[in-house]
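Engineer: This is the content of model-v1.txt (compact mmCIF, C-alpha atoms):
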```txt
# COMPACT_ATOMS: atom_id res chain seq x y z
CA MET Q 1306 19.95 4.04 -13.15
CA PHE Q 1307 17.42 3.04 -10.52
CA GLN Q 1308 19.74 2.73 -7.54
CA THR Q 1309 18.43 4.77 -4.60
CA ARG Q 1310 18.58 4.72 -0.83
CA ILE Q 1311 15.52 2.44 -0.91
CA THR Q 1312 17.10 -0.15 -3.21
CA GLU Q 1313 20.18 -0.05 -0.99
CA MET Q 1314 18.20 -0.39 2.25
CA PHE Q 1315 16.13 -3.35 1.05
CA GLY Q 1316 18.76 -4.92 -1.20
CA ILE Q 1317 16.48 -4.89 -4.27
CA ARG Q 1318 17.02 -4.15 -7.95
CA TYR Q 1319 14.26 -1.59 -8.51
CA PRO Q 1320 12.77 1.01 -6.11
CA ILE Q 1321 9.28 -0.51 -6.42
CA ILE Q 1322 7.32 -1.61 -3.35
CA GLN Q 1323 4.13 -3.63 -3.00
CA GLY Q 1324 2.48 -2.35 0.15
CA GLY Q 1325 0.25 -4.23 2.55
CA LEU Q 1326 -3.11 -5.34 1.11
CA MET Q 1327 -5.58 -6.81 3.58
CA TRP Q 1328 -6.41 -10.45 2.73
CA LEU Q 1329 -4.37 -10.20 -0.50
CA ALA Q 1330 -0.71 -9.54 0.33
CA ARG Q 1331 0.23 -13.15 0.83
CA ALA Q 1332 3.26 -15.29 0.06
CA GLU Q 1333 2.55 -15.81 -3.66
CA LEU Q 1334 2.23 -12.08 -4.40
CA ALA Q 1335 5.18 -11.03 -2.22
CA ALA Q 1336 7.37 -13.72 -3.79
CA ALA Q 1337 6.42 -12.64 -7.32
CA VAL Q 1338 7.31 -9.03 -6.50
CA ALA Q 1339 10.61 -10.13 -4.96
CA GLU Q 1340 11.52 -12.25 -7.99
CA ALA Q 1341 10.71 -9.33 -10.30
CA GLY Q 1342 13.19 -7.08 -8.46
CA GLY Q 1343 11.06 -5.21 -5.92
CA ILE Q 1344 9.90 -5.91 -2.38
CA GLY Q 1345 6.46 -7.05 -1.24
CA PHE Q 1346 4.98 -6.64 2.23
CA MET Q 1347 2.68 -9.41 3.44
CA THR Q 1348 -0.16 -8.22 5.67
CA ALA Q 1349 0.14 -9.67 9.17
CA LEU Q 1350 -3.51 -9.14 10.13
CA SER Q 1351 -4.74 -11.17 7.17
CA HIS Q 1352 -3.92 -14.03 9.57
CA ASP Q 1353 -6.03 -14.43 12.69
CA SER Q 1354 -3.10 -15.60 14.80
CA PRO Q 1355 0.66 -15.04 15.01
CA GLU Q 1356 1.13 -18.76 14.37
CA LYS Q 1357 -0.58 -18.49 10.98
CA LEU Q 1358 1.59 -15.48 10.14
CA ARG Q 1359 4.61 -17.64 10.99
CA ASP Q 1360 3.42 -20.23 8.48
CA GLU Q 1361 3.05 -17.55 5.78
CA ILE Q 1362 6.55 -16.22 6.45
CA ARG Q 1363 7.95 -19.70 6.03
CA LYS Q 1364 5.89 -20.18 2.89
CA VAL Q 1365 7.26 -17.05 1.19
CA ARG Q 1366 10.78 -18.22 2.00
CA SER Q 1367 10.01 -21.48 0.21
CA LEU Q 1368 9.11 -19.45 -2.89
CA THR Q 1369 11.96 -16.92 -2.98
CA ASP Q 1370 15.29 -16.21 -1.37
CA LYS Q 1371 14.95 -12.49 -2.05
CA PRO Q 1372 13.87 -9.76 0.43
CA PHE Q 1373 10.28 -9.36 1.63
CA GLY Q 1374 8.60 -7.57 4.51
CA ILE Q 1375 5.57 -7.65 6.82
CA ASN Q 1376 2.86 -4.99 7.13
CA LEU Q 1377 1.44 -4.27 10.59
CA THR Q 1378 -1.46 -1.82 10.77
CA PHE Q 1379 -2.27 -0.40 14.19
CA LEU Q 1380 -5.90 0.69 14.04
CA PRO Q 1381 -8.61 0.93 16.71
CA SER Q 1382 -10.64 -2.26 16.98
CA LEU Q 1383 -13.42 -3.72 19.13
CA ARG Q 1384 -11.19 -6.79 19.44
CA PRO Q 1385 -7.60 -5.52 19.24
CA PRO Q 1386 -5.12 -8.07 17.86
CA ASP Q 1387 -2.22 -9.20 20.02
CA PHE Q 1388 0.21 -6.81 18.36
CA PRO Q 1389 3.20 -7.68 20.59
CA ALA Q 1390 2.80 -11.34 19.62
CA TYR Q 1391 2.74 -10.49 15.91
CA VAL Q 1392 5.87 -8.37 16.31
CA GLN Q 1393 7.57 -11.15 18.28
CA THR Q 1394 6.73 -13.65 15.55
CA CYS Q 1395 8.44 -11.40 13.01
CA ILE Q 1396 11.47 -11.17 15.29
CA ASP Q 1397 11.58 -14.92 15.89
CA GLU Q 1398 11.37 -15.59 12.15
CA GLY Q 1399 14.16 -13.15 11.32
CA VAL Q 1400 12.02 -10.68 9.38
CA ARG Q 1401 14.21 -7.73 8.45
CA PHE Q 1402 11.61 -5.18 7.30
CA ILE Q 1403 8.25 -4.11 8.73
CA GLU Q 1404 5.86 -1.58 7.22
CA THR Q 1405 3.68 0.03 9.88
CA ALA Q 1406 0.50 2.01 9.31
CA GLY Q 1407 -2.38 3.48 11.27
CA ARG Q 1408 -1.38 4.62 14.72
CA ASN Q 1409 2.09 5.74 15.74
CA PRO Q 1410 4.28 2.59 16.13
CA GLU Q 1411 6.42 4.19 18.87
CA ALA Q 1412 5.37 1.65 21.53
CA PHE Q 1413 6.80 -1.18 19.42
CA MET Q 1414 9.94 0.55 18.16
CA PRO Q 1415 12.22 -0.70 20.99
CA MET Q 1416 11.30 -4.34 20.19
CA MET Q 1417 11.87 -3.87 16.48
CA ASN Q 1418 15.00 -1.75 16.75
CA GLU Q 1419 16.63 -4.18 19.18
CA ALA Q 1420 16.00 -6.98 16.68
CA GLY Q 1421 17.58 -4.92 13.88
CA ILE Q 1422 14.30 -4.58 11.98
CA LYS Q 1423 14.06 -1.57 9.69
CA VAL Q 1424 10.65 0.11 9.98
CA VAL Q 1425 8.91 1.97 7.17
CA HIS Q 1426 5.96 3.96 8.50
CA LYS Q 1427 3.08 4.99 6.24
CA CYS Q 1428 2.05 8.61 6.77
CA THR Q 1429 -0.60 10.88 5.27
CA SER Q 1430 1.00 14.14 6.35
CA VAL Q 1431 4.44 15.70 6.64
CA ARG Q 1432 3.99 16.33 10.36
CA HIS Q 1433 3.44 12.61 10.96
CA ALA Q 1434 6.44 11.78 8.77
CA ILE Q 1435 8.65 14.07 10.85
CA LYS Q 1436 7.44 12.28 13.98
CA ALA Q 1437 8.19 8.90 12.39
CA GLU Q 1438 11.78 9.96 11.76
CA LYS Q 1439 12.12 11.18 15.36
CA ILE Q 1440 11.01 7.83 16.83
CA GLY Q 1441 13.55 5.92 14.76
CA CYS Q 1442 11.80 4.77 11.59
CA ALA Q 1443 14.25 3.94 8.79
CA ALA Q 1444 12.00 5.39 6.07
CA VAL Q 1445 8.51 6.76 5.53
CA SER Q 1446 5.92 5.99 2.88
CA ILE Q 1447 3.98 9.18 2.25
CA ASP Q 1448 0.36 8.57 1.17
CA GLY Q 1449 -1.27 11.17 -1.05
CA PHE Q 1450 -5.01 11.83 -1.21
CA GLU Q 1451 -5.27 9.61 -4.32
CA CYS Q 1452 -4.48 6.46 -2.36
CA ALA Q 1453 -6.70 3.52 -1.49
CA GLY Q 1454 -7.62 3.00 2.13
CA HIS Q 1455 -7.13 5.84 4.59
CA PRO Q 1456 -5.79 9.08 3.02
CA GLY Q 1457 -6.12 11.08 6.24
CA GLU Q 1458 -8.24 14.18 6.66
CA ASP Q 1459 -6.04 16.85 5.04
CA ASP Q 1460 -6.79 16.02 1.38
CA VAL Q 1461 -3.27 16.77 0.16
CA THR Q 1462 -2.14 15.04 -3.02
CA SER Q 1463 1.09 13.18 -3.72
CA LEU Q 1464 2.32 16.00 -5.96
CA ILE Q 1465 2.55 18.25 -2.88
CA LEU Q 1466 3.32 15.74 -0.12
CA ILE Q 1467 6.36 14.09 -1.69
CA PRO Q 1468 8.52 17.20 -2.20
CA LEU Q 1469 7.46 18.58 1.17
CA ALA Q 1470 8.45 15.31 2.85
CA ARG Q 1471 11.79 15.37 1.02
CA ASP Q 1472 12.40 18.95 2.20
CA ASN Q 1473 11.70 18.09 5.83
CA LEU Q 1474 13.27 14.64 6.29
CA SER Q 1475 16.72 13.09 6.13
CA ILE Q 1476 15.51 9.47 5.92
CA PRO Q 1477 14.34 7.88 2.63
CA VAL Q 1478 10.86 8.75 1.35
CA VAL Q 1479 8.60 6.39 -0.58
CA SER Q 1480 5.83 7.82 -2.77
CA SER Q 1481 2.39 6.25 -2.40
CA GLY Q 1482 -1.02 7.10 -3.78
CA GLY Q 1483 -1.76 7.40 -7.49
CA PHE Q 1484 1.18 5.42 -8.86
CA GLY Q 1485 0.93 2.56 -11.32
CA ASP Q 1486 3.34 2.90 -14.24
CA GLY Q 1487 6.78 4.01 -15.40
CA ARG Q 1488 5.73 7.64 -15.62
CA GLY Q 1489 4.81 7.49 -11.95
CA LEU Q 1490 8.20 6.02 -11.06
CA VAL Q 1491 10.08 8.79 -12.88
CA ALA Q 1492 7.78 11.43 -11.36
CA SER Q 1493 8.37 9.98 -7.88
CA LEU Q 1494 12.13 10.21 -8.27
CA ALA Q 1495 11.87 13.72 -9.72
CA LEU Q 1496 9.74 14.86 -6.79
CA GLY Q 1497 12.37 13.64 -4.34
CA ALA Q 1498 11.18 10.16 -3.42
CA ASP Q 1499 13.61 7.26 -3.13
CA GLY Q 1500 11.05 4.66 -4.20
CA MET Q 1501 7.47 4.10 -5.34
CA ASN Q 1502 4.78 2.13 -3.51
CA MET Q 1503 1.85 0.57 -5.37
CA GLY Q 1504 -1.18 -1.17 -3.89
CA THR Q 1505 -4.20 -1.12 -6.19
CA ARG Q 1506 -2.07 -1.72 -9.31
CA PHE Q 1507 -0.76 -4.96 -7.78
CA VAL Q 1508 -4.32 -6.15 -7.10
CA ALA Q 1509 -4.89 -6.36 -10.86
CA THR Q 1510 -2.10 -8.89 -11.45
CA VAL Q 1511 -2.27 -12.61 -12.13
CA GLU Q 1512 -0.60 -13.54 -8.82
CA CYS Q 1513 -2.93 -11.51 -6.59
CA PRO Q 1514 -5.29 -13.95 -4.78
CA ILE Q 1515 -8.55 -12.17 -5.57
CA HIS Q 1516 -11.48 -13.24 -7.75
CA ASP Q 1517 -11.10 -12.43 -11.43
CA ALA Q 1518 -14.40 -10.50 -11.37
CA VAL Q 1519 -12.88 -7.96 -8.99
CA LYS Q 1520 -9.76 -7.63 -11.14
CA GLN Q 1521 -11.99 -7.03 -14.16
CA ALA Q 1522 -13.95 -4.42 -12.21
CA LEU Q 1523 -10.69 -2.52 -11.67
CA VAL Q 1524 -9.91 -2.76 -15.40
CA ASN Q 1525 -13.37 -1.47 -16.29
CA ALA Q 1526 -13.36 1.39 -13.77
CA SER Q 1527 -12.41 5.00 -14.42
CA GLU Q 1528 -10.58 7.39 -12.11
CA ARG Q 1529 -13.99 8.66 -10.98
CA ASP Q 1530 -15.16 5.28 -9.69
CA THR Q 1531 -14.00 5.53 -6.09
CA ARG Q 1532 -15.91 6.86 -3.09
CA LEU Q 1533 -14.72 8.48 0.14
CA LEU Q 1534 -16.55 6.87 3.03
CA MET Q 1535 -16.62 7.67 6.76
CA ARG Q 1536 -15.79 11.33 6.11
CA THR Q 1537 -18.43 12.41 8.62
CA LEU Q 1538 -16.75 10.18 11.23
CA ARG Q 1539 -13.33 11.71 10.44
CA ASN Q 1540 -12.03 8.27 9.52
CA THR Q 1541 -12.01 8.79 5.76
CA ALA Q 1542 -11.28 5.81 3.52
CA ARG Q 1543 -11.37 5.41 -0.26
CA TYR Q 1544 -13.26 2.47 -1.76
CA LEU Q 1545 -14.35 1.16 -5.15
CA ALA Q 1546 -17.79 2.47 -6.04
CA ASN Q 1547 -20.50 -0.18 -5.58
CA GLU Q 1548 -23.99 -0.51 -4.10
CA ASN Q 1549 -22.76 -0.67 -0.53
CA ALA Q 1550 -20.49 2.33 -0.92
CA GLU Q 1551 -23.42 4.37 -2.25
CA LYS Q 1552 -25.58 3.17 0.65
CA VAL Q 1553 -22.97 4.31 3.17
CA LEU Q 1554 -22.84 7.73 1.52
CA GLU Q 1555 -26.62 7.93 1.72
CA ILE Q 1556 -26.59 7.14 5.44
CA GLU Q 1557 -23.78 9.60 6.09
CA GLY Q 1558 -25.76 12.19 4.18
CA THR Q 1559 -28.33 12.28 6.97
CA GLY Q 1560 -25.79 14.18 9.04
CA ASN Q 1561 -26.00 12.06 12.18
CA ALA Q 1562 -24.60 8.68 11.13
CA THR Q 1563 -22.69 6.53 13.60
CA ILE Q 1564 -20.38 3.60 12.99
CA GLN Q 1565 -23.20 1.33 14.08
CA ASP Q 1566 -25.34 2.65 11.23
CA ILE Q 1567 -22.86 1.68 8.54
CA LYS Q 1568 -20.92 -1.27 9.93
CA GLN Q 1569 -23.09 -3.90 8.19
CA TYR Q 1570 -22.08 -2.45 4.82
CA MET Q 1571 -18.39 -2.00 5.67
CA SER Q 1572 -17.67 -5.22 7.51
CA GLY Q 1573 -14.24 -6.56 6.68
CA LEU Q 1574 -15.66 -10.08 6.59
CA GLU Q 1575 -18.23 -8.99 4.00
CA GLY Q 1576 -15.44 -7.48 1.93
CA LYS Q 1577 -13.56 -10.77 2.20
CA LYS Q 1578 -16.57 -12.52 0.64
CA MET Q 1579 -16.30 -10.18 -2.36
CA ILE Q 1580 -12.64 -11.06 -2.73
CA GLU Q 1581 -13.41 -14.78 -2.66
CA THR Q 1582 -16.66 -14.91 -4.67
CA GLY Q 1583 -16.35 -11.93 -7.02
CA ASP Q 1584 -19.79 -10.71 -5.94
CA LEU Q 1585 -19.35 -6.93 -6.14
CA SER Q 1586 -22.52 -6.35 -4.12
CA GLN Q 1587 -20.91 -7.81 -0.97
CA GLY Q 1588 -19.10 -5.44 1.35
CA VAL Q 1589 -16.75 -2.71 0.13
CA PHE Q 1590 -13.31 -2.93 -1.44
CA SER Q 1591 -10.45 -0.48 -0.97
CA ALA Q 1592 -9.18 1.00 -4.25
CA GLY Q 1593 -7.26 4.12 -5.25
CA GLN Q 1594 -7.85 6.58 -8.05
CA VAL Q 1595 -5.11 4.82 -10.02
CA ILE Q 1596 -7.84 2.40 -11.17
CA GLY Q 1597 -8.36 4.80 -14.05
CA MET Q 1598 -4.92 3.77 -15.35
CA ILE Q 1599 -5.45 0.00 -15.02
CA ARG Q 1600 -6.28 -1.52 -18.38
CA ASP Q 1601 -5.19 -5.14 -18.05
CA VAL Q 1602 -4.19 -7.93 -15.67
CA PRO Q 1603 -0.53 -8.80 -16.32
CA THR Q 1604 1.74 -11.05 -14.34
CA VAL Q 1605 3.87 -9.23 -11.78
CA GLN Q 1606 6.93 -9.79 -13.96
CA GLN Q 1607 5.17 -8.32 -17.00
CA LEU Q 1608 4.12 -5.31 -14.92
CA PHE Q 1609 7.69 -4.73 -13.73
CA ASP Q 1610 9.06 -5.10 -17.25
CA ARG Q 1611 6.56 -2.51 -18.48
CA ILE Q 1612 7.23 -0.03 -15.67
CA VAL Q 1613 10.99 -0.31 -15.89
CA GLY Q 1614 10.95 -0.12 -19.69
CA GLU Q 1615 8.75 2.96 -19.73
CA ALA Q 1616 10.78 4.67 -17.01
CA THR Q 1617 14.05 3.87 -18.78
CA GLU Q 1618 12.77 5.29 -22.07
CA LEU Q 1619 11.69 8.48 -20.34
CA MET Q 1620 14.98 8.95 -18.50
CA THR Q 1621 17.30 8.06 -21.36
CA SER Q 1622 15.44 9.34 -24.39
CA ARG Q 1623 12.46 11.64 -24.02
CA LEU Q 1624 13.61 13.82 -21.13
CA PRO Q 1625 17.21 14.26 -22.37
CA MET Q 1626 15.84 15.12 -25.83
CA MET Q 1627 13.57 17.76 -24.31
CA ALA Q 1628 16.45 19.13 -22.26
CA GLY Q 1629 18.57 19.34 -25.43
CA GLN Q 1630 15.83 21.17 -27.28
CA ALA Q 1631 15.50 23.63 -24.41
CA ALA Q 1632 19.26 24.21 -24.43
CA LEU Q 1633 19.23 24.94 -28.17
CA ALA Q 1634 16.29 27.29 -27.78
CA ALA Q 1635 18.16 29.21 -25.07
```
Now that the file is in, can you turn its structure into structure tokens?

Structural biologist:
Amino acid sequence: MFQTRITEMFGIRYPIIQGGLMWLARAELAAAVAEAGGIGFMTALSHDSPEKLRDEIRKVRSLTDKPFGINLTFLPSLRPPDFPAYVQTCIDEGVRFIETAGRNPEAFMPMMNEAGIKVVHKCTSVRHAIKAEKIGCAAVSIDGFECAGHPGEDDVTSLILIPLARDNLSIPVVSSGGFGDGRGLVASLALGADGMNMGTRFVATVECPIHDAVKQALVNASERDTRLLMRTLRNTARYLANENAEKVLEIEGTGNATIQDIKQYMSGLEGKKMIETGDLSQGVFSAGQVIGMIRDVPTVQQLFDRIVGEATELMTSRLPMMAGQAALAA
């Protein structure tokens, strides 16, 4: 029932993907997702050296023999990581799947293609997805405006982006942004996607290595409790509402804010402190609007069982019943 081009490409049971999560997408979470029947992508830049990434790759292999991938995000930085070394580490360790995000990965495609690595590029627009297909990406993950992190500057939701991507691409499409349950999986497939990516929903699971206070904050939040920061800098990103997020909005509201004016509130290292201590007043934390649908903190296996069960019921019972009623009415 759930066999798609994405399950075939990754060799997984269900078309459910755990995307890269800075500091959080580590071996334990990726292994739990793999064992539950999906695929998890560990975030390369959570490790400050390629050698430490190598250790994490070997660790996940000690926890599962099922497929996993690595996320590499190419974003501008004052101290750019040694991206070629991270890619080479993935090649040396026999990684088969890489999820890229941020800037166009074209410069690294020859390395990855030659090694037989299948690349899934995260895009926030159809035009970028078309480009990803042209440079040789095996699939694209299309991020709607609802997503955590960087939704782009076009403000187009998943409901529009997914079918448009399907209409314009021949490679598999993964839905991303606003998904967290079985209804989202069925909707993704109906809209033309071959799989569903979740980020924020996986944060609120037992295996995610984040302080319980942050998980509880996600449970307590509503769909209105995110903030779009750095809009004035045209580098929009969605974060959980907290004191620092409101302070950044206040500074941006002056109309002449620079990155220097807000960097103390948005430092990644400050956000890491929140993750470790549970102090919600430290830094900012990326979260999508799907937080409004998060009501508990299950294990990854429990989450998969729930999603698959709900999706199965919809596809085998509710929707066919509605189709039958429509046929009788006609």

Engineer: Name the residues within 12 Å of (-17.7, -7.2, -3.3), counting all atoms listed in the file in the file's coordinates, and put them as a ChimeraX atom specification.

Structural biologist: /Q:1515-1520,1522-1523,1544-1550,1570-1592

Engineer: What separation in Å, quoted to one decimal, exists between CA of Met1501 (chain Q) and CA of Ser1480 (chain Q)?

Structural biologist: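 Between these atoms lies a distance of 4.8 Å.
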
Engineer: Mind checking which residues fall within 12 Å of region 1525-1534 of chain Q, counting only C-alpha atoms, ignoring those fewer than 3 positions away in the same chain, and posting them as a PyMOL selection string?

Structural biologist: chain Q and resi 1450-1458+1460+1483+1505+1509+1518-1522+1537-1558+1562+1564+1567-1568+1570-1571+1589-1602

Engineer: Near Val1400 (chain Q), within 9 Å and counting all atoms listed in the file, which residues show up once chain neighbours fewer than 3 positions away are dropped, as a PDB file with C-alpha atoms, in the frame of the given file?

Structural biologist:
```
ATOM      1  CA  ILE Q1362       6.550 -16.220   6.450  1.00  0.00           C
ATOM      2  CA  PHE Q1373      10.280  -9.360   1.630  1.00  0.00           C
ATOM      3  CA  GLY Q1374       8.600  -7.570   4.510  1.00  0.00           C
ATOM      4  CA  ILE Q1375       5.570  -7.650   6.820  1.00  0.00           C
ATOM      5  CA  THR Q1394       6.730 -13.650  15.550  1.00  0.00           C
ATOM      6  CA  CYS Q1395       8.440 -11.400  13.010  1.00  0.00           C
ATOM      7  CA  ILE Q1396      11.470 -11.170  15.290  1.00  0.00           C
ATOM      8  CA  ASP Q1397      11.580 -14.920  15.890  1.00  0.00           C
ATOM      9  CA  ILE Q1403       8.250  -4.110   8.730  1.00  0.00           C
ATOM     10  CA  ILE Q1422      14.300  -4.580  11.980  1.00  0.00           C
TER      11      ILE Q1422
END
```

Engineer: So that all listed atoms of region 1368-1376 of chain Q fit with 5 Å spare on each side, what axis-aligned box centre and edge lengths in Å, to one decimal, would you give as lines of an AutoDock Vina configuration file?

Structural biologist:
```
center_x = 9.1
center_y = -12.2
center_z = 2.1
size_x = 22.4
size_y = 24.5
size_z = 20.1
```

Engineer: Tell me, in Å to one decimal, how far CA of Leu1496 (chain Q) is from CA of Pro1468 (chain Q).

Structural biologist: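 Separating CA of Leu1496 (chain Q) from CA of Pro1468 (chain Q) is a distance of 5.3 Å.
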
Engineer: Skip region 1332-1346 of chain Q itself and residues of its chain fewer than 3 positions away, then list as JSON, numbers by chain all residues within 7 Å of it, counting only C-alpha atoms.

Structural biologist: {"Q": [1317, 1318, 1319, 1320, 1321, 1322, 1323, 1324, 1325, 1361, 1364, 1365, 1368, 1369, 1371, 1372, 1373, 1374, 1375, 1376, 1512, 1513, 1605, 1606, 1609]}

Engineer: Measuring atom to atom with only C-alpha atoms, identify which of Q:Leu1624, Q:Leu1464, Q:Val1508, Q:Val1425 is nearest to Ala1330 (chain Q).

Structural biologist: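 Under the stated criterion, the closest residue is Q:Val1508.
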
Engineer: Using only C-alpha atoms, which of the listed residues (Q:Gly1487, Q:Gly1407, Q:Pro1603, Q:Gly1560) sits closest to Ser1382 (chain Q)?

Structural biologist: Q:Gly1407

Engineer: Which value, in Å to one decimal, gives the distance between CA of Gly1399 (chain Q) and CA of Ala1349 (chain Q)?

Structural biologist: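 Spanning CA of Gly1399 (chain Q) to CA of Ala1349 (chain Q) is a straight-line distance of 14.6 Å.
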
Engineer: Can you list, as a ChimeraX atom specification, every protein, DNA or RNA residue that comes within 12 Å of Arg1408 (chain Q) when you count all atoms listed in the file, leaving out same-chain residues fewer than 3 positions away?

Structural biologist: /Q:1377-1382,1405,1411-1413,1426-1429,1433,1436-1437,1455,1457

Engineer: Here is a test: counting all atoms listed in the file, which residue of Q:Asn1473, Q:Gly1500, Q:Met1417, Q:Arg1432 is nearest to Phe1315 (chain Q)?

Structural biologist: Q:Gly1500

Engineer: Closest to Gln1308 (chain Q) among Q:Leu1619, Q:Ala1634, Q:Met1503, Q:Leu1494, using only C-alpha atoms?

Structural biologist: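 Going through Q:Leu1619, Q:Ala1634, Q:Met1503, Q:Leu1494 one by one, the smallest distance to Gln1308 (chain Q) is for Q:Leu1494.
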
Engineer: Compile the contact shell of Val1478 (chain Q) as a ChimeraX atom specification: residues with an atom at most 6 Å away, counting only C-alpha atoms, same-chain residues fewer than 2 positions apart removed.

Structural biologist: /Q:1444-1446,1498-1499

Engineer: Looking at Q:Gly1497, Q:Asp1370, Q:Asn1502, Q:Ser1354, which one is nearest to Arg1471 (chain Q), with distances taken over all atoms listed in the file?

Structural biologist: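 Residue with the minimum atom-to-atom distance to Arg1471 (chain Q): Q:Gly1497.
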
Engineer: Name the closest residue to Ala1616 (chain Q) among the candidates Q:Ile1311, Q:Val1479, Q:Leu1490, Q:Val1461; distances are taken between atoms, counting only C-alpha atoms.

Structural biologist: Q:Leu1490

Engineer: Is there a way to complete region 1604-1618 of chain Q with N, CA, C and O atoms and then write that out as a PDB file, in the coordinates of the input?

Structural biologist:
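File written: part.pdb
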```
ATOM      1  N   THR Q1604       1.001 -10.442 -15.441  1.00  0.00           N
ATOM      2  CA  THR Q1604       1.740 -11.050 -14.340  1.00  0.00           C
ATOM      3  C   THR Q1604       2.560  -9.949 -13.663  1.00  0.00           C
ATOM      4  O   THR Q1604       2.777  -8.875 -14.235  1.00  0.00           O
ATOM      5  N   VAL Q1605       3.029 -10.212 -12.475  1.00  0.00           N
ATOM      6  CA  VAL Q1605       3.870  -9.230 -11.780  1.00  0.00           C
ATOM      7  C   VAL Q1605       5.130  -8.953 -12.589  1.00  0.00           C
ATOM      8  O   VAL Q1605       5.561  -7.800 -12.720  1.00  0.00           O
ATOM      9  N   GLN Q1606       5.726  -9.984 -13.164  1.00  0.00           N
ATOM     10  CA  GLN Q1606       6.930  -9.790 -13.960  1.00  0.00           C
ATOM     11  C   GLN Q1606       6.649  -8.918 -15.178  1.00  0.00           C
ATOM     12  O   GLN Q1606       7.441  -8.019 -15.507  1.00  0.00           O
ATOM     13  N   GLN Q1607       5.539  -9.154 -15.855  1.00  0.00           N
ATOM     14  CA  GLN Q1607       5.170  -8.320 -17.000  1.00  0.00           C
ATOM     15  C   GLN Q1607       4.962  -6.868 -16.579  1.00  0.00           C
ATOM     16  O   GLN Q1607       5.353  -5.937 -17.297  1.00  0.00           O
ATOM     17  N   LEU Q1608       4.350  -6.668 -15.422  1.00  0.00           N
ATOM     18  CA  LEU Q1608       4.120  -5.310 -14.920  1.00  0.00           C
ATOM     19  C   LEU Q1608       5.452  -4.611 -14.646  1.00  0.00           C
ATOM     20  O   LEU Q1608       5.654  -3.452 -15.031  1.00  0.00           O
ATOM     21  N   PHE Q1609       6.373  -5.308 -13.999  1.00  0.00           N
ATOM     22  CA  PHE Q1609       7.690  -4.730 -13.730  1.00  0.00           C
ATOM     23  C   PHE Q1609       8.417  -4.403 -15.034  1.00  0.00           C
ATOM     24  O   PHE Q1609       9.008  -3.323 -15.172  1.00  0.00           O
ATOM     25  N   ASP Q1610       8.377  -5.336 -15.981  1.00  0.00           N
ATOM     26  CA  ASP Q1610       9.060  -5.100 -17.250  1.00  0.00           C
ATOM     27  C   ASP Q1610       8.512  -3.840 -17.922  1.00  0.00           C
ATOM     28  O   ASP Q1610       9.260  -3.039 -18.485  1.00  0.00           O
ATOM     29  N   ARG Q1611       7.207  -3.676 -17.859  1.00  0.00           N
ATOM     30  CA  ARG Q1611       6.560  -2.510 -18.480  1.00  0.00           C
ATOM     31  C   ARG Q1611       6.964  -1.221 -17.771  1.00  0.00           C
ATOM     32  O   ARG Q1611       7.314  -0.226 -18.417  1.00  0.00           O
ATOM     33  N   ILE Q1612       6.902  -1.234 -16.446  1.00  0.00           N
ATOM     34  CA  ILE Q1612       7.230  -0.030 -15.670  1.00  0.00           C
ATOM     35  C   ILE Q1612       8.686   0.371 -15.887  1.00  0.00           C
ATOM     36  O   ILE Q1612       8.997   1.541 -16.162  1.00  0.00           O
ATOM     37  N   VAL Q1613       9.570  -0.599 -15.760  1.00  0.00           N
ATOM     38  CA  VAL Q1613      10.990  -0.310 -15.890  1.00  0.00           C
ATOM     39  C   VAL Q1613      11.317   0.133 -17.320  1.00  0.00           C
ATOM     40  O   VAL Q1613      12.097   1.077 -17.540  1.00  0.00           O
ATOM     41  N   GLY Q1614      10.710  -0.507 -18.301  1.00  0.00           N
ATOM     42  CA  GLY Q1614      10.950  -0.120 -19.690  1.00  0.00           C
ATOM     43  C   GLY Q1614      10.482   1.288 -19.981  1.00  0.00           C
ATOM     44  O   GLY Q1614      11.195   2.072 -20.626  1.00  0.00           O
ATOM     45  N   GLU Q1615       9.285   1.618 -19.505  1.00  0.00           N
ATOM     46  CA  GLU Q1615       8.750   2.960 -19.730  1.00  0.00           C
ATOM     47  C   GLU Q1615       9.590   4.016 -19.012  1.00  0.00           C
ATOM     48  O   GLU Q1615       9.904   5.070 -19.584  1.00  0.00           O
ATOM     49  N   ALA Q1616       9.971   3.720 -17.776  1.00  0.00           N
ATOM     50  CA  ALA Q1616      10.780   4.670 -17.010  1.00  0.00           C
ATOM     51  C   ALA Q1616      12.152   4.864 -17.653  1.00  0.00           C
ATOM     52  O   ALA Q1616      12.667   5.987 -17.730  1.00  0.00           O
ATOM     53  N   THR Q1617      12.740   3.778 -18.134  1.00  0.00           N
ATOM     54  CA  THR Q1617      14.050   3.870 -18.780  1.00  0.00           C
ATOM     55  C   THR Q1617      13.973   4.720 -20.044  1.00  0.00           C
ATOM     56  O   THR Q1617      14.847   5.564 -20.293  1.00  0.00           O
ATOM     57  N   GLU Q1618      12.930   4.509 -20.840  1.00  0.00           N
ATOM     58  CA  GLU Q1618      12.770   5.290 -22.070  1.00  0.00           C
ATOM     59  C   GLU Q1618      12.615   6.772 -21.751  1.00  0.00           C
ATOM     60  O   GLU Q1618      13.213   7.628 -22.425  1.00  0.00           O
TER      61      GLU Q1618
END
```
